[in-house]
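Since the structure comes first, as structure tokens, the remarks are kept for the end.
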Amino acid sequence: MKKLLLFMTCMFAAITTNVFAASVVANINGTPITDTDVTMRTKLMARQGKTSTDNRRVALQAIIDDNIKLAYASNFNAVPEDAIVEKELNKMNLGELSAAEREMALNALRAEIAWQIIVARTILPTVDITKEDIQSERNALARDQGLPIEMTIIRLVDIPEDIAAKLTKPKNCDAAIEMAESFGGAPQKFTAMQYELSADIRERIASLPTMTWSKRQDGSVLLICSSKKTSEYGDLDNIIKQNAQYKQAMFLADQQLKQLRRRAVIVINDNRYKL
């Protein structure tokens, strides 16, 4: 009987050990990450509207990155206080969270805030923005959202390819209309704010110089007669510059994170999570 009890005790211990070992899917610098952690992170991602066909591996990578960011931020005393993280989490309206889910959400948010502090302190001040960077950002904003710029545009529709090829740079808007009419076209002239234009027109004129015909697309060509900034424009140039700096900084931050990943000791115990 004693032998049987001893055998069952050993079997139970072995099973318990195996279950525990199987539940630890990875280690980051000695810190275990369990399958339960990954499940909670996928639930958090779903609450934030982030879905992927590879959710569990994405979730594991996010947890690993959280650990790396927080460890690095601690070197700069950049880890935010709990009260700040709690306040930001409450703004996110993630609904009812279990204690474990809330702890996961807090840790993820703490890592993100810490990383933003690192970017602001150590990376953003080193970023040099060129005129080309600013123009690229302005073009992207003009294409995607539109700017508070009043534009007068001429549009020619149903224009044959051979006629479009004959259009040359006009001296002014009236000359452009005369040119179009001389080829049998019916030019449409209209004035609108850039942000009021449809997305396809914004995309076509985003980097189009004034008094230059656009390439023929869907049987039509466009020409910008004039454009002028409105009172709404305000300090938009500075905002555009800041956006360009921020994008450059985030690119450099991503490169920094890749280097930190390479230096970290990451052990994946479960083949389903191989990165």
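Going through the structure tokens in order, the chains are called A, B, and so on, while each chain numbers its residues from 1 and the ligands are numbered from 1 in the order shown.
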
Near-Ile118 of chain A list (12 Å; only C-alpha atoms; drop same-chain fewer than 3 positions) as a PyMOL selection string: chain A and resi 69-80+111-115+121-125+249-250+252-254+256-257

Can you list every residue of segment 142-169 of chain A that has an atom at most 6 Å from segment 175-189 of chain A, with its nearest atom pair and the distance in Å to one decimal, using only C-alpha atoms, ordered by chain then number, as a Markdown table?
```
| residue | atom | partner | partner_atom | distance |
| --- | --- | --- | --- | --- |
| A:Ile153 | CA | A:Lys189 | CA | 5.7 |
| A:Ile154 | CA | A:Lys189 | CA | 4.5 |
| A:Arg155 | CA | A:Gln188 | CA | 5.1 |
| A:Leu156 | CA | A:Pro187 | CA | 5.0 |
```

Go ahead and write the residues just picked, C-alpha atoms, as an mmCIF file, in the first residue's frame.
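For reference, part01.cif as written:
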```cif
data_model
loop_
_atom_site.group_PDB
_atom_site.id
_atom_site.type_symbol
_atom_site.label_atom_id
_atom_site.label_comp_id
_atom_site.auth_asym_id
_atom_site.auth_seq_id
_atom_site.Cartn_x
_atom_site.Cartn_y
_atom_site.Cartn_z
ATOM 1 C CA ILE A 153 -8.997 73.688 -59.990
ATOM 2 C CA ILE A 154 -9.751 72.911 -63.612
ATOM 3 C CA ARG A 155 -10.923 69.414 -64.473
ATOM 4 C CA LEU A 156 -11.209 67.903 -67.933
#
```

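Using only C-alpha atoms, the nearest neighbour of Ile205 of chain A within the list A:Asn269, A:Asn139, A:Ser220, A:Gln245 is A:Asn139.
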
Between A:Ile64, A:Ile239, A:Cys225, A:Ile129, which is the closest to Lys171 of chain A once you count only C-alpha atoms?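 Under the stated criterion, the closest residue is A:Cys225.
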
Please identify all polymer residues within 12 Å of Thr34 of chain A, counting only C-alpha atoms, omitting same-chain residues fewer than 4 positions from it, and present them as an MDAnalysis selection string. chainID A and resid 19:28 38:41 56 59:60 63:64 268:270 273

Could you turn the residues from that selection into a file that holds C-alpha atoms, as a PDB file, in the first residue's frame?
```pdb
ATOM      1  CA  VAL A  19       1.779  20.871 -16.737  1.00  0.00           C
ATOM      2  CA  PHE A  20       3.619  23.794 -15.162  1.00  0.00           C
ATOM      3  CA  ALA A  21       6.529  23.450 -17.575  1.00  0.00           C
ATOM      4  CA  ALA A  22       4.185  23.257 -20.540  1.00  0.00           C
ATOM      5  CA  SER A  23       2.359  26.399 -19.391  1.00  0.00           C
ATOM      6  CA  VAL A  24       5.560  28.480 -19.498  1.00  0.00           C
ATOM      7  CA  VAL A  25       5.780  29.207 -23.216  1.00  0.00           C
ATOM      8  CA  ALA A  26       8.728  31.595 -23.054  1.00  0.00           C
ATOM      9  CA  ASN A  27      11.250  33.361 -20.846  1.00  0.00           C
ATOM     10  CA  ILE A  28      12.509  36.917 -21.297  1.00  0.00           C
ATOM     11  CA  VAL A  38      -0.709  35.130 -23.833  1.00  0.00           C
ATOM     12  CA  THR A  39      -4.432  34.388 -23.654  1.00  0.00           C
ATOM     13  CA  MET A  40      -5.037  37.493 -21.535  1.00  0.00           C
ATOM     14  CA  ARG A  41      -3.008  39.598 -23.948  1.00  0.00           C
ATOM     15  CA  ARG A  56      -1.112  34.458 -30.073  1.00  0.00           C
ATOM     16  CA  ALA A  59       0.518  38.735 -28.235  1.00  0.00           C
ATOM     17  CA  LEU A  60       3.652  36.937 -27.053  1.00  0.00           C
ATOM     18  CA  ILE A  63       4.565  40.851 -23.861  1.00  0.00           C
ATOM     19  CA  ILE A  64       8.262  40.346 -24.637  1.00  0.00           C
ATOM     20  CA  ILE A 268      10.779  30.131 -26.562  1.00  0.00           C
ATOM     21  CA  ASN A 269       9.746  26.818 -24.983  1.00  0.00           C
ATOM     22  CA  ASP A 270       6.723  26.102 -27.155  1.00  0.00           C
ATOM     23  CA  TYR A 273       5.238  30.455 -30.489  1.00  0.00           C
TER      24      TYR A 273
END
```

Using only C-alpha atoms, which residues sit within 8 Å of Ala192 of chain A once same-chain residues fewer than 5 positions away are excluded, as a ChimeraX atom specification? /A:150-152,197

Could you take the residues named above and write them with N, CA and C atoms, as a PDB file, in the first residue's frame?
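part13.pdb, written as the output of this step:
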```pdb
ATOM      1  N   GLU A 150      -7.495  76.967 -49.759  1.00  0.00           N
ATOM      2  CA  GLU A 150      -8.515  77.184 -50.796  1.00  0.00           C
ATOM      3  C   GLU A 150      -7.867  77.000 -52.164  1.00  0.00           C
ATOM      4  N   MET A 151      -8.453  76.133 -52.978  1.00  0.00           N
ATOM      5  CA  MET A 151      -7.862  75.792 -54.268  1.00  0.00           C
ATOM      6  C   MET A 151      -8.861  76.025 -55.400  1.00  0.00           C
ATOM      7  N   THR A 152      -8.343  76.584 -56.480  1.00  0.00           N
ATOM      8  CA  THR A 152      -9.126  76.706 -57.707  1.00  0.00           C
ATOM      9  C   THR A 152      -8.563  75.706 -58.702  1.00  0.00           C
ATOM     10  N   LEU A 197     -12.290  68.176 -50.818  1.00  0.00           N
ATOM     11  CA  LEU A 197     -12.179  67.404 -52.051  1.00  0.00           C
ATOM     12  C   LEU A 197     -12.265  65.914 -51.750  1.00  0.00           C
TER      13      LEU A 197
END
```

Just list as JSON, numbers by chain whatever in segment 11-184 of chain A DSSP marks as strand (DSSP E or B). {"A": [24, 25, 26, 27, 28, 31, 32, 33, 34, 149, 150, 151, 152, 153, 154, 155, 156]}
